[in-house]
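Q: The structure that follows is given in the form of structure tokens.
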Protein chains: 2
Amino acid sequence: MDIKRFFEPQSIAVIGASRDPNKVGSAVLKNLIITFRGEIFPINPFVDELQGLKAFKSVASVKKKIDIAVIAVPAEMVLNILKECEKVKIPLAVILSAGFNEIGGDGTKKEEAIKKFLSKAKIRIIGPNCLGIINTDPNFNATFLDPNSKVIKGNASFISQSGALLSAIVDDASTNDIGFSKIISIGNATDISEADIIEAFKTDEKTKVLALYLEGLNNGSDFLKASMEFSREKPLLILKGGKFKSTSGAVSSHTGSMAGDYKAYELAFERAGAISVDNIDDLFNFMRDAAEMVINSNEVIIVTNAGGAGVVTTDHITKIGLKLAKFNDKTLNELAKALPKEANIHNPVDMVGDATPERYRDTLEILVQQNKPIIILFSPQEMSQPLETAKQIFEVHQRHPNVPFLSVFLGGARVEKARRFILERNMPIYQYPNEAVSMIYGLYSYYSHRGRTFKIISKDKAKYKDFKLTSNTFGIDAKNIFDSIGIKSAKGIKLTSEKDLKKASDFVGYPCVLKIESNLISHKEKVGAVIIGIKNDEELKEAFDKLSKSAKEQSISKPVFGLYEDVNKFGENKVEVLVGAHRDPQFGPMIAIGLGGIFANEINDTTFLLSPISDQDIDELKSSKLGDILQQATSQSVFNELISYLLKLDKFMNANKTVKDLDLNPIVLFNDRLFATDFKIFV
Amino acid sequence: MDIKRFFEPQSIAVIGASRDPNKVGSAVLKNLIITFRGEIFPINPFVDELQGLKAFKSVASVKKKIDIAVIAVPAEMVLNILKECEKVKIPLAVILSAGFNEIGGDGTKKEEAIKKFLSKAKIRIIGPNCLGIINTDPNFNATFLDPNSKVIKGNASFISQSGALLSAIVDDASTNDIGFSKIISIGNATDISEADIIEAFKTDEKTKVLALYLEGLNNGSDFLKASMEFSREKPLLILKGGKFKSTSGAVSSHTGSMAGDYKAYELAFERAGAISVDNIDDLFNFMRDAAEMVINSNEVIIVTNAGGAGVVTTDHITKIGLKLAKFNDKTLNELAKALPKEANIHNPVDMVGDATPERYRDTLEILVQQNKPIIILFSPQEMSQPLETAKQIFEVHQRHPNVPFLSVFLGGARVEKARRFILERNMPIYQYPNEAVSMIYGLYSYYSHRGRTFKIISKDKAKYKDFKLTSNTFGIDAKNIFDSIGIKSAKGIKLTSEKDLKKASDFVGYPCVLKIESNLISHKEKVGAVIIGIKNDEELKEAFDKLSKSAKEQSISKPVFGLYEDVNKFGENKVEVLVGAHRDPQFGPMIAIGLGGIFANEINDTTFLLSPISDQDIDELKSSKLGDILQQATSQSVFNELISYLLKLDKFMNANKTVKDLDLNPIVLFNDRLFATDFKIFV
């Protein structure tokens with residue numbers, strides 16, 4: 001995608017420009033007339049003039065170079081119009097028309113036809129079913145947003161998958177002094193995708209921050225690749241809608257049900273180094289300020305003229321996982337000299353209620369030496385001078401531009417002018433302390449992530465076989481597959497009749513465990529499909545009879561049984577771990593590890609790692625709480641072996657594309673060994 | 001506290017009224033002149049006139065009935081002034097003067113002297129070190145807030161422990177159209193406490209909602225009692241500052257360290273039925289709207305003209321723990337008839353982008369039949385009519401006033417008039433969906449809690465002995481205490497020398513566990529102070545020698561040992577549970593239960609129950625995830641016995657006031673029995 005060509009047009013044609021003020025083709029023409037300094041060509045075969053401009057019968061009749069065609073004709077006409085546009089060498093069409101894939105059926109067919117045409121054509125398209133595109137420098141608004149909505153010039157570009165939400169965001173943004181560089185309503189993204197735009201904006205100098213409103217994706221790996229590259233250069237913000245949509249079908253694997261729909265997005269955003277926000281107000285704050293400061297410390301300084309505000313801010317800092325900076329003796333001495341004796345010279349620094357603008361200045365001059373982000377709280381009290389204080393804050397910042405200053409002016413009308421003074425100088429200013437804290441947290445995460453290298457682990461050089469599985473596989477059959485890729489499991493053997501019992505028990509030894517190997521039974525324990533702690537031939541016979549009866553009762557006509565060694569014989573103090581994998585339709589395999597057995601259902605602490613697993617992922621896992629528990633529970637060599645299973649499963653999932661989910665639940669850890677004891681593969 | 005007398009004064013004296021406009025005594029007089037219709041008596045011995053009013057030398061020289069004395073003289077003069085006020089029978093003094101307990105030392109002495117005087121006097125005081133008090137009906141502002149700050153009349157009363165934060169909140173509130181009934185800056189609360197005011201406001205008809213900004217409390221149980229009674233009548237909101245203050249001393253018990261400082265407040269707020277908010281903006285929303293609607297359902301209906309907004313709102317609903325309401329066939333049919341075919345008739349109902357005011361009206365008329373809270377989303381799009389839509393929403397609500405309508409008008413300037421239209425009709429209106437969701441969640445929690453009865457459990461009728469413990473008690477000594485109150489523990493015996501070994505092992509049997517019983521060793525396992533799985537005399541001798549050497553190395557001169565049965569002999573599949581107790585300085589004992597052993601450190605899932613434990617607490621525990629895990633791990637009878645231990649410890653903590661913390665970590669659960677295996681009591 002050629003940013004210069006698409007966002008600095010000399011001329012724009014509006015195809016389907018309309019006389020009816022309620023029509024999309026009228027609104028977009030009006031917006032262009034208001035904002036665009038290049039040539040505008042309204043195309044409408046039935047009129048000669050529109051909103052004061054000469055109208056043309058077709059793009060062919062314009063006879064001049066056209067840089068962008070904005071298309072607002074009914075869906076059934078779009079393909080022909082596109083062909084006309086290509087003929088006169090228009091490089092980009094923005095298709096506002098709806099009635100395509102989003103309505104299914106016939107609409108999908110129309111979109112397929114366009115796709116087919118595009119595969120051989122030179123023209124590129126944005127949309128269909130989109131609101132249009134905007135640039136603020138040079139200025140043009142090729143959308144059918146309400147012409148009364150202002151779009152302020154700024155540093156943030158914005159890509160939205162929802163046109164309706166975009167109109168609200170643009171309106172809200174202008175009311176809140178949030179500026180934009182470029183806005184793209186992406187619509188159905190038939191041709192130009194989110195990934196294309198992210199890639200193009202990486203080198204766009206006017207885009208200092210990129211914000212996305214996402215609901216879904218057509219191609220996860222393209223998106224991930226473009227995002228990772230973008231965020232190495234500039235902050236990438238994502239507001240994801242549809243995080244908690246309930247999964248459509250029933251999920252049979254533990255791992256799949258714990259992953260849900262959003263987990264892969266979460267992991268992908270993390271790997272991409274994106275800043276994930278939950279609310280529109282957070283999005284705005286980041287859009288405005290993310291390019292204004294670099295935050296390399298998770299230790300925060302708070303300075304306030306109201307103790308209570310310092311207390312509330314400290315709470316937010318602690319809750320989100322940041323820390324209060326500690327001061328050394330030199331700083332404390334300087335603060336003690338500068339501040340009255342009722343003041344608190346420790347962080348959060350309380351300059352007390354009668355703090356003058358000069359006291360703010362002197363205190364800040366001391367605190368900037370720490371080179372850490374400073375949250376400057378101001379509460380309007382009887383002696384307070386809001387505007388003068390704002391001026392002093394600005395001046396100190398001018399002298400120390402690399403120290404992040406995040407001002408929070410509490411209150412309403414009394415501090416309005418002060419807030420505006422700071423805002424107009426492009427310094428971060430917030431109404432409530434939690435906003436400043438979120439900002440520091442998000443930018444610290446961003447900058448600390450950006451510095452990291454991402455190294456795929458490939459110690460295990462083995463090539464993995466594709467088993468070409470076409471049906472769900474459980475028990476011994478699944479165990480054999482895991483055995484073959486080097487995952488240690490309890491001894492086990494399949495049997496179908498009573499006469500196999502002796503041979504089987506000779507092989508696995510006592511004590512042993514007998515199971516019905518049916519994929520019909522998911523919660524084995526609950527329906528009596530497992531008998532553990534079998535100590536001798538007699539008990540085994542008894543168990544076999546019991547399970548045979550149980551199988552019959554459950555209408556399993558030819559039951560298959562699995563006899564396994566009972567790993568309890570290997571000792572005490574065992575911990576059960578769940579290891580599994582889930583294939584996300586967008587982002588591919590995720591490997592899971594968490595507490596197993598009864599804990600797997602109840603404690604939602606399972607960690608997911610996106611394939612391919614990196615050294616970073618493993619380091620984080622090792623130093624996580626789960627890593628701590630496991631390293632306390634077993635020896636280092638067993639822990640390392642367990643970790644190696646994650647890498648093996650990563651490779652296995654990549655080699656076996658038919659596998660959707662798998663569960664090894666539990667893998668039982670002893671101090672000196674480990675065994676997988678239950679095996680499920682879902683296709 | 002007599003609300004009528006204190007908040008509907010006929011006359012107010014300002015003692016320390018000053019000519020200097022920078023003085024507190026000048027600002028408060030100015031505020032009174034602006035707001036108060038009764039008689040004002042400035043008291044200043046050095047002038048005859050102040051701000052146009054006749055000044056008096058003293059309260060005695062006024063010779064008229066004075067309802068409130070506002071005192072703004074230096075700290076050292078306050079006591080004498082109070083005495084003069086009492087002499088002329090002024091019932092209430094509001095002491096603005098600072099320089100008391102908050103500065104320590106001399107100030108504390110001055111406050112003690114006032115306290116002593118008050119114990120025999122009839123006058124009551126608010127403060128000292130406070131900002132003053134305000135009523136809006138009848139109107140008076142007896143604070144030294146900036147006289148430019150407006151205070152709007154409303155339904156919410158507000159108590160603040162921070163004067164500085166209060167000034168910001170009042171200013172912010174008036175800018176955001178948030179009204180107040182009464183405001184009290186409580187200061188040091190030497191006499192009239194938070195609890196007194198909460199109790200008084202319970203019957204104040206003009207206070208429909210009460211909001212508190214709290215940092216700490218002088219008397220937790222008074223506060224809890226007053227709050228519980230208040231919230232049975234009206235919503236009580238609490239914004240707590242200082243939730244995460246790090247504990248001052250080192251905490252030696254697991255239970256204590258997990259409880260932290262805030263846990264007891266959290267439990268107390270929950271028991272009080274208060275709505276706990278984290279941010280000032282949430283506080284404002286609840287202050288404005290909590291009295292406007294009753295929410296009895298956790299199933300929410302969403303109706304929108306923008307799919308994306310519906311998606312984002314659904315995320316917030318799911319994340320916070322509410323549900324989307326499901327529609328029956330009748331409703332679906334009606335919606336299908338009323339809406340265009342592109343619409344989504346399932347919840348969240350998407351009326352699509354061209355939704356007219358009439359479409360909002362018709363859809364709402366169908367949805368109100370469900371009698372569930374409705375979030376009405378509006379995104380300004382090209383066809384949208386914000387104000388007309390607001391009018392239709394209002395009219396539907398007029399016809400169905402008991403159905404909660406929470407309108408969210410996204411956008412900025414384009415929806416400003418519509419927002420104001422709804423706001424002025426006292427209907428809930430928000431800028432972002434998460435605000436509406438928080439409101440429903442908070443009010444649903446409030447109303448579902450309010451309906452509940454709270455019954456102290458007292459099945460265990462035994463009287464508990466006060467052991468009068470004066471030092472930390474561990475191992476066998478502590479075990480004996482727990483044994484005596486009926487908590488089952490592993491067999492164990494104390495020994496000091498090698499010659500006791502035979503007798504001890506005869507008593508506990510093999511396998512057994514040998515421990516050094518020293519309070520110097522907190523993480524026994526890590527320093528080799530425990531040897532488990534001892535199988536015979538020989539191994540026991542070896543273990544004894546090893547631990548004796550270890551004790552010597554750690555400079556424990558006369559080591560005491562404990563020999564315990566090794567409960568591992570009782571079977572497999574055990575779960576380790578931590579049970580403990582912690583005494584909060586404000587709210588008394590809290591009893592803790594969570595996963596024990598290696599999990600206790602890492603998984604912060606421990607549940608705390610505030611003493612006295614109620615049937616409600618136990619029901620919630622049983623249906624919690626922890627309850628599920630434990631009931632899966634063991635039999636019902638063992639689970640019930642474990643629960644009974646919580647009640648025993650509750651009684652024990654109440655009988656033994658010297659005990660600060662205790663840990664039983666772990667209690668080991670088998671299917672048919674349980675044992676406490678480690679014992680610590682801290683005083």
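Identifiers for the structure tokens are assigned positionally: chains receive A, B, ... in sequence, residues are indexed from 1 per chain, and ligands are indexed from 1 in the order shown.
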Mind dumping a table of every chain A residue within 7 Å of chain B, with the nearest atom pair and its distance in Å to one decimal, using only C-alpha atoms, sorted by chain and rising number, as JSON lines?
A:
{"residue": "A:Leu145", "atom": "CA", "partner": "B:Glu382", "partner_atom": "CA", "distance": 6.0}
{"residue": "A:Asp146", "atom": "CA", "partner": "B:Glu382", "partner_atom": "CA", "distance": 5.2}
{"residue": "A:Ser162", "atom": "CA", "partner": "B:Gly308", "partner_atom": "CA", "distance": 5.7}
{"residue": "A:Ala164", "atom": "CA", "partner": "B:Ala306", "partner_atom": "CA", "distance": 5.1}
{"residue": "A:Leu165", "atom": "CA", "partner": "B:Gly308", "partner_atom": "CA", "distance": 5.9}
{"residue": "A:Ser167", "atom": "CA", "partner": "B:Gln381", "partner_atom": "CA", "distance": 6.0}
{"residue": "A:Ala168", "atom": "CA", "partner": "B:Gly411", "partner_atom": "CA", "distance": 4.2}
{"residue": "A:Ile169", "atom": "CA", "partner": "B:Gly411", "partner_atom": "CA", "distance": 5.9}
{"residue": "A:Asp171", "atom": "CA", "partner": "B:Gly411", "partner_atom": "CA", "distance": 4.9}
{"residue": "A:Asp172", "atom": "CA", "partner": "B:Gly412", "partner_atom": "CA", "distance": 3.8}
{"residue": "A:Thr175", "atom": "CA", "partner": "B:Gly412", "partner_atom": "CA", "distance": 5.2}
{"residue": "A:Gly241", "atom": "CA", "partner": "B:Val312", "partner_atom": "CA", "distance": 5.0}
{"residue": "A:Gly242", "atom": "CA", "partner": "B:Val311", "partner_atom": "CA", "distance": 5.4}
{"residue": "A:Lys243", "atom": "CA", "partner": "B:Asp315", "partner_atom": "CA", "distance": 5.9}
{"residue": "A:Phe244", "atom": "CA", "partner": "B:Asp315", "partner_atom": "CA", "distance": 5.4}
{"residue": "A:Ala306", "atom": "CA", "partner": "B:Ala164", "partner_atom": "CA", "distance": 5.1}
{"residue": "A:Gly308", "atom": "CA", "partner": "B:Ser162", "partner_atom": "CA", "distance": 5.6}
{"residue": "A:Ala309", "atom": "CA", "partner": "B:Leu165", "partner_atom": "CA", "distance": 6.2}
{"residue": "A:Val311", "atom": "CA", "partner": "B:Gly242", "partner_atom": "CA", "distance": 5.4}
{"residue": "A:Val312", "atom": "CA", "partner": "B:Gly241", "partner_atom": "CA", "distance": 4.9}
{"residue": "A:Asp315", "atom": "CA", "partner": "B:Phe244", "partner_atom": "CA", "distance": 5.5}
{"residue": "A:Thr318", "atom": "CA", "partner": "B:Phe244", "partner_atom": "CA", "distance": 6.5}
{"residue": "A:Gly353", "atom": "CA", "partner": "B:Ala164", "partner_atom": "CA", "distance": 6.7}
{"residue": "A:Ser379", "atom": "CA", "partner": "B:Ala168", "partner_atom": "CA", "distance": 5.3}
{"residue": "A:Pro380", "atom": "CA", "partner": "B:Ala168", "partner_atom": "CA", "distance": 5.6}
{"residue": "A:Gln381", "atom": "CA", "partner": "B:Ser167", "partner_atom": "CA", "distance": 6.0}
{"residue": "A:Glu382", "atom": "CA", "partner": "B:Asp146", "partner_atom": "CA", "distance": 5.2}
{"residue": "A:Leu410", "atom": "CA", "partner": "B:Ala168", "partner_atom": "CA", "distance": 5.4}
{"residue": "A:Gly411", "atom": "CA", "partner": "B:Asp172", "partner_atom": "CA", "distance": 4.0}
{"residue": "A:Gly412", "atom": "CA", "partner": "B:Asp172", "partner_atom": "CA", "distance": 3.8}
{"residue": "A:Ala413", "atom": "CA", "partner": "B:Thr175", "partner_atom": "CA", "distance": 6.0}
{"residue": "A:Arg414", "atom": "CA", "partner": "B:Asp171", "partner_atom": "CA", "distance": 6.8}
{"residue": "A:Ile598", "atom": "CA", "partner": "B:Ile629", "partner_atom": "CA", "distance": 6.3}
{"residue": "A:Phe599", "atom": "CA", "partner": "B:Ile629", "partner_atom": "CA", "distance": 6.8}
{"residue": "A:Glu602", "atom": "CA", "partner": "B:Lys625", "partner_atom": "CA", "distance": 5.6}
{"residue": "A:Lys625", "atom": "CA", "partner": "B:Glu602", "partner_atom": "CA", "distance": 5.6}
{"residue": "A:Ile629", "atom": "CA", "partner": "B:Ile598", "partner_atom": "CA", "distance": 6.3}
Q: Could you pull out all residues of segment 473-662 of chain B with a DSSP call of helix (DSSP H, G or I) and give them as a PyMOL selection string?
A: chain B and resi 475-484+498-508+524-527+537-553+567-570+598-602+615-622+625-633+636-655
Q: Output C-alpha atoms of each residue in that selection to a file, as an mmCIF file, in the first residue's frame.
A:
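Contents of the output file result.cif:
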data_model
loop_
_atom_site.group_PDB
_atom_site.id
_atom_site.type_symbol
_atom_site.label_atom_id
_atom_site.label_comp_id
_atom_site.auth_asym_id
_atom_site.auth_seq_id
_atom_site.Cartn_x
_atom_site.Cartn_y
_atom_site.Cartn_z
ATOM 1 C CA GLY B 475 4.578 -27.197 67.577
ATOM 2 C CA ILE B 476 3.377 -29.573 70.297
ATOM 3 C CA ASP B 477 2.460 -26.744 72.691
ATOM 4 C CA ALA B 478 0.218 -25.184 70.077
ATOM 5 C CA LYS B 479 -1.070 -28.587 69.006
ATOM 6 C CA ASN B 480 -2.219 -29.250 72.570
ATOM 7 C CA ILE B 481 -4.242 -26.048 72.532
ATOM 8 C CA PHE B 482 -5.885 -26.928 69.195
ATOM 9 C CA ASP B 483 -6.518 -30.477 70.413
ATOM 10 C CA SER B 484 -8.335 -29.067 73.414
ATOM 11 C CA GLU B 498 18.033 -39.055 72.609
ATOM 12 C CA LYS B 499 16.766 -41.142 75.473
ATOM 13 C CA ASP B 500 13.181 -39.986 74.836
ATOM 14 C CA LEU B 501 13.235 -41.429 71.292
ATOM 15 C CA LYS B 502 12.002 -44.899 72.118
ATOM 16 C CA LYS B 503 9.086 -43.699 74.199
ATOM 17 C CA ALA B 504 8.162 -41.132 71.582
ATOM 18 C CA SER B 505 8.222 -43.547 68.659
ATOM 19 C CA ASP B 506 6.213 -46.089 70.629
ATOM 20 C CA PHE B 507 3.601 -43.363 71.042
ATOM 21 C CA VAL B 508 3.392 -42.028 67.479
ATOM 22 C CA LYS B 524 11.380 -25.314 58.288
ATOM 23 C CA GLU B 525 11.731 -27.285 55.151
ATOM 24 C CA LYS B 526 14.278 -24.898 53.739
ATOM 25 C CA VAL B 527 16.767 -25.093 56.593
ATOM 26 C CA ASP B 537 14.338 -46.914 64.982
ATOM 27 C CA GLU B 538 17.526 -46.725 63.019
ATOM 28 C CA GLU B 539 16.262 -44.011 60.674
ATOM 29 C CA LEU B 540 14.849 -42.140 63.648
ATOM 30 C CA LYS B 541 18.223 -42.140 65.408
ATOM 31 C CA GLU B 542 19.859 -40.926 62.226
ATOM 32 C CA ALA B 543 17.258 -38.169 61.829
ATOM 33 C CA PHE B 544 17.697 -37.108 65.448
ATOM 34 C CA ASP B 545 21.459 -36.802 65.039
ATOM 35 C CA LYS B 546 21.051 -34.845 61.837
ATOM 36 C CA LEU B 547 18.601 -32.351 63.319
ATOM 37 C CA SER B 548 20.661 -31.999 66.523
ATOM 38 C CA LYS B 549 23.627 -31.056 64.381
ATOM 39 C CA SER B 550 21.472 -28.703 62.336
ATOM 40 C CA ALA B 551 20.177 -27.053 65.533
ATOM 41 C CA LYS B 552 23.722 -26.578 66.782
ATOM 42 C CA GLU B 553 24.743 -24.987 63.505
ATOM 43 C CA VAL B 567 0.024 -38.905 57.939
ATOM 44 C CA ASN B 568 1.086 -40.017 54.464
ATOM 45 C CA LYS B 569 0.533 -43.534 55.741
ATOM 46 C CA PHE B 570 -3.204 -42.943 55.642
ATOM 47 C CA ILE B 598 3.243 -25.082 48.429
ATOM 48 C CA PHE B 599 0.040 -23.549 47.088
ATOM 49 C CA ALA B 600 -0.442 -21.237 50.065
ATOM 50 C CA ASN B 601 2.485 -19.069 49.006
ATOM 51 C CA GLU B 602 1.723 -18.902 45.361
ATOM 52 C CA ASP B 615 -24.517 -18.971 57.750
ATOM 53 C CA GLN B 616 -24.287 -16.758 54.662
ATOM 54 C CA ASP B 617 -20.479 -16.877 54.799
ATOM 55 C CA ILE B 618 -20.482 -20.668 55.002
ATOM 56 C CA ASP B 619 -22.981 -21.018 52.153
ATOM 57 C CA GLU B 620 -20.825 -18.815 49.960
ATOM 58 C CA LEU B 621 -17.707 -20.746 50.890
ATOM 59 C CA LYS B 622 -19.385 -24.036 50.019
ATOM 60 C CA LYS B 625 -14.319 -22.663 43.691
ATOM 61 C CA LEU B 626 -12.360 -23.517 46.810
ATOM 62 C CA GLY B 627 -15.436 -25.243 48.209
ATOM 63 C CA ASP B 628 -15.763 -27.185 44.965
ATOM 64 C CA ILE B 629 -12.146 -28.304 45.035
ATOM 65 C CA LEU B 630 -12.374 -29.435 48.641
ATOM 66 C CA GLN B 631 -15.665 -31.249 48.146
ATOM 67 C CA GLN B 632 -14.210 -33.066 45.151
ATOM 68 C CA ALA B 633 -11.088 -33.928 47.090
ATOM 69 C CA GLN B 636 -18.810 -34.610 52.746
ATOM 70 C CA SER B 637 -18.221 -35.545 56.381
ATOM 71 C CA VAL B 638 -14.548 -34.529 56.273
ATOM 72 C CA PHE B 639 -15.448 -31.317 54.484
ATOM 73 C CA ASN B 640 -18.058 -30.547 57.140
ATOM 74 C CA GLU B 641 -15.563 -31.202 59.891
ATOM 75 C CA LEU B 642 -13.122 -28.829 58.221
ATOM 76 C CA ILE B 643 -15.827 -26.163 58.104
ATOM 77 C CA SER B 644 -16.544 -26.728 61.799
ATOM 78 C CA TYR B 645 -12.912 -25.838 62.517
ATOM 79 C CA LEU B 646 -13.504 -22.369 61.131
ATOM 80 C CA LEU B 647 -16.290 -21.857 63.650
ATOM 81 C CA LYS B 648 -14.117 -23.212 66.461
ATOM 82 C CA LEU B 649 -11.296 -20.853 65.555
ATOM 83 C CA ASP B 650 -13.771 -17.964 65.419
ATOM 84 C CA LYS B 651 -14.756 -18.712 69.022
ATOM 85 C CA PHE B 652 -11.144 -19.315 70.027
ATOM 86 C CA MET B 653 -10.047 -15.935 68.662
ATOM 87 C CA ASN B 654 -12.861 -14.193 70.495
ATOM 88 C CA ALA B 655 -12.003 -15.907 73.774
#
Q: Have a look at B:Asn80, B:Gln370, B:Asn129, B:Thr143 and name the one nearest to Ile34 of chain B; count only C-alpha atoms.
A: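 Looking at the shortest contact to Ile34 of chain B, the residue is B:Thr143.
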Q: Can you work out which one of A:Gly256, A:Pro404, A:Pro9, A:Gly187 has the shortest atom-to-atom distance to Asp137 of chain A, counting only C-alpha atoms?
A: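 When distances to Asp137 of chain A are compared using only C-alpha atoms, the smallest one comes from A:Pro9.
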Q: Need the shell around Asp663 of chain A: protein/DNA/RNA residues with any atom at most 10 Å away, counting only C-alpha atoms. Skip same-chain ones fewer than 5 positions apart. Format as a ChimeraX atom specification?
A: /A:253-256,474,578-582,592-593,678-682
Q: Identify, on the basis of only C-alpha atoms, every residue whose closest approach to segment 69-75 of chain A does not exceed 6 Å; exclude the query and any residue fewer than 3 positions from it along the same chain; express the result as a CSV table (one decimal) with all heavy atoms, in the first residue's frame.
A:
chain,number,residue,atom,x,y,z
A,12,ILE,N,-10.1,13.6,-6.5
A,12,ILE,CA,-11.0,12.5,-6.0
A,12,ILE,C,-12.3,12.5,-6.8
A,12,ILE,O,-12.9,13.6,-6.9
A,12,ILE,CB,-11.3,12.7,-4.5
A,12,ILE,CG1,-9.9,12.6,-3.7
A,12,ILE,CG2,-12.2,11.6,-4.0
A,12,ILE,CD1,-10.1,12.8,-2.2
A,13,ALA,N,-12.7,11.3,-7.2
A,13,ALA,CA,-14.0,11.2,-7.9
A,13,ALA,C,-15.0,10.6,-6.9
A,13,ALA,O,-14.6,9.7,-6.2
A,13,ALA,CB,-13.9,10.3,-9.1
A,14,VAL,N,-16.2,11.1,-6.9
A,14,VAL,CA,-17.3,10.5,-6.0
A,14,VAL,C,-18.3,9.9,-6.9
A,14,VAL,O,-19.1,10.6,-7.6
A,14,VAL,CB,-17.9,11.6,-5.1
A,14,VAL,CG1,-19.0,10.9,-4.2
A,14,VAL,CG2,-16.9,12.2,-4.2
A,15,ILE,N,-18.3,8.6,-7.0
A,15,ILE,CA,-19.2,7.8,-7.9
A,15,ILE,C,-20.4,7.5,-7.2
A,15,ILE,O,-20.4,6.8,-6.2
A,15,ILE,CB,-18.5,6.6,-8.5
A,15,ILE,CG1,-17.2,7.1,-9.2
A,15,ILE,CG2,-19.4,5.9,-9.5
A,15,ILE,CD1,-16.1,6.0,-9.3
A,16,GLY,N,-21.6,8.0,-7.6
A,16,GLY,CA,-22.8,7.8,-6.9
A,16,GLY,C,-23.1,9.1,-6.1
A,16,GLY,O,-23.8,9.0,-5.1
A,25,GLY,N,-23.9,9.3,-0.8
A,25,GLY,CA,-23.2,10.0,-1.9
A,25,GLY,C,-23.3,11.5,-1.8
A,25,GLY,O,-22.4,12.2,-2.4
A,78,VAL,N,-21.4,-2.1,-8.2
A,78,VAL,CA,-20.0,-1.9,-7.8
A,78,VAL,C,-19.0,-2.5,-8.7
A,78,VAL,O,-18.0,-1.8,-9.1
A,78,VAL,CB,-19.8,-2.3,-6.3
A,78,VAL,CG1,-18.3,-2.2,-6.0
A,78,VAL,CG2,-20.6,-1.4,-5.4
A,93,ALA,N,-9.8,2.6,-4.9
A,93,ALA,CA,-11.2,2.8,-4.7
A,93,ALA,C,-11.6,2.6,-3.3
A,93,ALA,O,-11.1,1.6,-2.7
A,93,ALA,CB,-12.0,1.9,-5.6
A,94,VAL,N,-12.4,3.6,-2.8
A,94,VAL,CA,-12.9,3.4,-1.4
A,94,VAL,C,-14.4,3.1,-1.6
A,94,VAL,O,-15.1,3.9,-2.0
A,94,VAL,CB,-12.7,4.7,-0.6
A,94,VAL,CG1,-13.3,4.5,0.8
A,94,VAL,CG2,-11.2,5.0,-0.5
A,95,ILE,N,-14.8,1.8,-1.2
A,95,ILE,CA,-16.1,1.4,-1.5
A,95,ILE,C,-17.0,1.5,-0.3
A,95,ILE,O,-16.9,0.8,0.7
A,95,ILE,CB,-16.2,0.0,-2.1
A,95,ILE,CG1,-15.2,-0.1,-3.3
A,95,ILE,CG2,-17.6,-0.5,-2.4
A,95,ILE,CD1,-15.1,-1.5,-3.9
A,96,LEU,N,-17.9,2.5,-0.3
A,96,LEU,CA,-18.7,2.8,0.9
A,96,LEU,C,-20.0,1.9,0.8
A,96,LEU,O,-20.5,1.6,1.9
A,96,LEU,CB,-19.2,4.2,0.9
A,96,LEU,CG,-18.1,5.3,0.7
A,96,LEU,CD1,-18.8,6.7,0.8
A,96,LEU,CD2,-17.0,5.2,1.8
A,97,SER,N,-20.3,1.4,-0.4
A,97,SER,CA,-21.6,0.6,-0.5
A,97,SER,C,-21.6,-0.6,0.4
A,97,SER,O,-20.6,-1.2,0.6
A,97,SER,CB,-21.6,0.1,-2.0
A,97,SER,OG,-21.2,1.1,-2.9
A,99,GLY,N,-24.0,-4.2,1.5
A,99,GLY,CA,-24.7,-5.3,0.8
A,99,GLY,C,-23.9,-6.4,0.3
A,99,GLY,O,-24.2,-7.0,-0.7
Q: Pick from A:Leu406, A:Ile556, A:Val530, A:Ala490: nearest to Thr677 of chain A, with only C-alpha atoms counted?
A: A:Ala490
Q: Considering only C-alpha atoms, return as a list in words whatever protein or nucleic-acid residues lie within 6 Å of segment 226-230 of chain B, sequence-local ones (same chain, fewer than 5 positions apart) excluded.
A: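 Neighbouring residues, sequence-local ones excluded: Ala195, Glu199, Lys202 and Ala272 of chain B.
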Q: Near Thr470 of chain B, within 12 Å and counting only C-alpha atoms, which residues show up once chain neighbours fewer than 4 positions away are dropped, as a PyMOL selection string?
A: chain B and resi 466+656-660+681-683
